[in-house]
Amino acid sequence: MAIENNIKKLVDMRAEARMGGGAKRIESQHAKGKLTSRERINLLLDEGSFEELDMFVTHSITEFGLGDKQFLGDGVVTGFGTIDGRLVYVYSQDFTVLGGSLSETNARKICKVMDMAMKNGAPVIGLNDSGGARIQEGVLSLAGYAEIFQRNIEASGVVPQLSAILGPCAGGAVYSPALTDFILMVEDISYMFVTGPKVAKTVTGEDITVEKLGGPMVHASKSGVAHFVSQNEEEAIATLRKIFSYIPQNFRENPPRIENTDPIDRLCDNLNTIIPESSKKPYNILDVITTLVDNGEFLEVHKHYAKNIVVGFARFNGQSVGVVANQPNFLAGVLDIEASRKGARFVRFCDCFNIPIVTLVDVPGFLPGSTQEYGGIISNGAKLMFAYGEATVPKVTVTLRKSYGGAHDVMSCKQLKGDLNYAWPTAEIAVMGDSGAVEILNAKEINAIESEEERAKFIEQKEQEYRDTFANPYQAAKHGYIDDVIEPRNTRFRIIRALASLATKKSMMPAKKHTNIPL
């Protein structure tokens, strides 16, 4: 009988823990259009794979009435499971328990699964829905955050870290997601900011809404903090699973390879005519990417931010790759501060986790002007250059059209240890465009011509001479900086063959403590 009572107590305690803050609070969570912490985990992980840890943990603080507010689990659900059969560690904050606020014991639970993830070489996914630090615990809560931050830092580049913001995320709480590899936000239910609208009003006098201060689209399009925005939680969690399918378990492993059903020698005939006759006319680089990759499947990262560069995950012959491409359809594909930061961050992630990088180049240069210079285009542009030069994963570059000036160097050129660099016949590789070059090279002659008509004729003639010399890939090919000039429709096959040849690549940077990237 005693054994039966003990078992009944265990069953009852498990049932209590699974109810979080109770039926009323769960109802309130659903009324806001939000799932509970355990519902989220059940969607994220393979059915029946979740092993929960520390279900019976409670806080030990009695001040400010907390002695009467103890809940099993203390506001966060932690454990491990699988996604498509692959191990992953997860924590899911429970807003129904004291607003999901972080306590000392709550933090210990999160740190435990992070430590296990590092020890066992598996990714960590955090599902964030918290009111922030538990004020009643004071410095204990702040210390808990710092313990998590330290583990985020130590895990960086060792195991992938993904964060979904599925409710409020404010104050110190924002820094853990900011230290992870990718952040997802959800329309209408999530926001992030260091200080809220009330504090902003008090300190600066600015009157602003939660949405405009730290809503999903603000961080997806303006700050660049959020990499993905979903319409609802189900879509966000499906995106987490999708990201997971492209990345390895840890830095020692390669990404998962899937069976390819798309012929590797498929001809992409539309690419032979996709570049407009006029080099000043735009086209959509996404049309090129989806034509080249397996089954047209491309998971774009940072879709709403710095649209002049496109980054994301795809596959070639079943192999996971990171794609970086200039977007002529937006600001002519020029590199600016935001595009440089966006590209650099993505290149570094791919290099951390053994994901080859395919770069598609059509860049007219860096964006000029005082706004860019004052904002630090020099150091920010250097970030992208540094990221490419530091990357030791296989790097395949294809120049489609323009590749001018410093931007040519930055976009994975041969001298930044690009492994295989191809070009289409439409490629233009030069210090600058024809009009700018003629203005500099022939300034004296142009100024000496008094007739406007004659001057225009002379400029047109010199621009044509410049185009004949540089508006092609053969000067670069002559010096071995382009490995081959290829027919556009064969690009898919050539990339796949290049990646296959680089499968056993071994490259190491000189020994050092760590690099000092221009931050």
# chains A, B, ... in the order shown; residues from 1 in each chain; ligands from 1
>>> select_by_dssp(residues="stretch 253-427 of chain A", states="helix (DSSP H, G or I)", output="NGL selection string")
:A and (269-273 or 285-292 or 294-296 or 331-333 or 337-352 or 370-375 or 377-390 or 405-410 or 414-416)
>>> residues_around(residues="A:His302", least_positions_apart="2", cutoff="8 Å", atoms="only C-alpha atoms", output="PDB file with C-alpha atoms, in the first residue's frame")
ATOM      1  CA  ALA A 220      13.474  42.147 -38.830  1.00  0.00           C
ATOM      2  CA  GLY A 224      18.458  43.323 -37.988  1.00  0.00           C
ATOM      3  CA  ALA A 226      15.517  39.143 -35.818  1.00  0.00           C
ATOM      4  CA  HIS A 227      16.409  36.753 -38.639  1.00  0.00           C
ATOM      5  CA  PHE A 228      12.917  35.360 -39.223  1.00  0.00           C
ATOM      6  CA  GLU A 300      16.197  32.860 -46.872  1.00  0.00           C
ATOM      7  CA  HIS A 304      13.476  41.811 -44.516  1.00  0.00           C
ATOM      8  CA  TYR A 305      16.849  43.348 -43.620  1.00  0.00           C
ATOM      9  CA  ALA A 306      19.477  44.799 -45.987  1.00  0.00           C
ATOM     10  CA  VAL A 310      20.565  37.804 -49.994  1.00  0.00           C
ATOM     11  CA  VAL A 311      21.717  35.047 -47.622  1.00  0.00           C
ATOM     12  CA  LYS A 342      24.368  40.779 -42.634  1.00  0.00           C
TER      13      LYS A 342
END
>>> closest_residue(among="A:Gly214, A:Gly138, A:Gly318, A:Pro282", to="A:Glu259", atoms="only C-alpha atoms")
A:Gly318
>>> residues_around(residues="stretch 486-496 of chain A", least_positions_apart="6", cutoff="8 Å", atoms="only C-alpha atoms", output="list in words")
Ile264, Asp265, Arg266, Leu267, Cys268, Asp269, Asn270, Leu271, Asn272, Leu292, Val293, Phe316, Asn317, Val396, Tyr422, Ala423, Trp424 and Pro425 of chain A
>>> residues_around(residues="A:Asp115", least_positions_apart="5", cutoff="10 Å", atoms="only C-alpha atoms", output="MDAnalysis selection string")
chainID A and resid 89 110 120:121 124 151 154:155
>>> residues_around(residues="A:Lys417", least_positions_apart="2", cutoff="12 Å", atoms="only C-alpha atoms", output="PyMOL selection string")
chain A and resi 385-397+409-415+419-421+481+507-509
>>> write_last_selection(atoms="C-alpha atoms", output="PDB file, in the first residue's frame")
ATOM      1  CA  MET A 385      36.026  40.877 -46.044  1.00  0.00           C
ATOM      2  CA  PHE A 386      37.339  39.497 -42.751  1.00  0.00           C
ATOM      3  CA  ALA A 387      34.602  36.854 -42.598  1.00  0.00           C
ATOM      4  CA  TYR A 388      35.368  35.558 -46.087  1.00  0.00           C
ATOM      5  CA  GLY A 389      39.139  35.670 -45.585  1.00  0.00           C
ATOM      6  CA  GLU A 390      38.854  33.832 -42.266  1.00  0.00           C
ATOM      7  CA  ALA A 391      36.462  31.147 -43.530  1.00  0.00           C
ATOM      8  CA  THR A 392      38.120  27.769 -44.124  1.00  0.00           C
ATOM      9  CA  VAL A 393      35.052  25.911 -45.439  1.00  0.00           C
ATOM     10  CA  PRO A 394      34.778  25.223 -49.201  1.00  0.00           C
ATOM     11  CA  LYS A 395      34.074  28.503 -51.026  1.00  0.00           C
ATOM     12  CA  VAL A 396      32.714  28.559 -54.576  1.00  0.00           C
ATOM     13  CA  THR A 397      32.191  31.944 -56.225  1.00  0.00           C
ATOM     14  CA  ASP A 409      37.731  41.894 -53.312  1.00  0.00           C
ATOM     15  CA  VAL A 410      35.184  41.577 -50.510  1.00  0.00           C
ATOM     16  CA  MET A 411      32.884  39.110 -52.284  1.00  0.00           C
ATOM     17  CA  SER A 412      34.989  35.959 -51.887  1.00  0.00           C
ATOM     18  CA  CYS A 413      37.600  36.719 -54.527  1.00  0.00           C
ATOM     19  CA  LYS A 414      40.494  34.376 -55.277  1.00  0.00           C
ATOM     20  CA  GLN A 415      42.882  36.346 -53.052  1.00  0.00           C
ATOM     21  CA  ASP A 419      38.627  27.869 -53.736  1.00  0.00           C
ATOM     22  CA  LEU A 420      36.957  27.880 -57.139  1.00  0.00           C
ATOM     23  CA  ASN A 421      35.990  31.128 -58.819  1.00  0.00           C
ATOM     24  CA  TYR A 481      41.890  34.993 -60.818  1.00  0.00           C
ATOM     25  CA  SER A 507      42.657  24.483 -44.352  1.00  0.00           C
ATOM     26  CA  MET A 508      43.784  26.036 -41.091  1.00  0.00           C
ATOM     27  CA  MET A 509      44.374  29.625 -40.039  1.00  0.00           C
TER      28      MET A 509
END
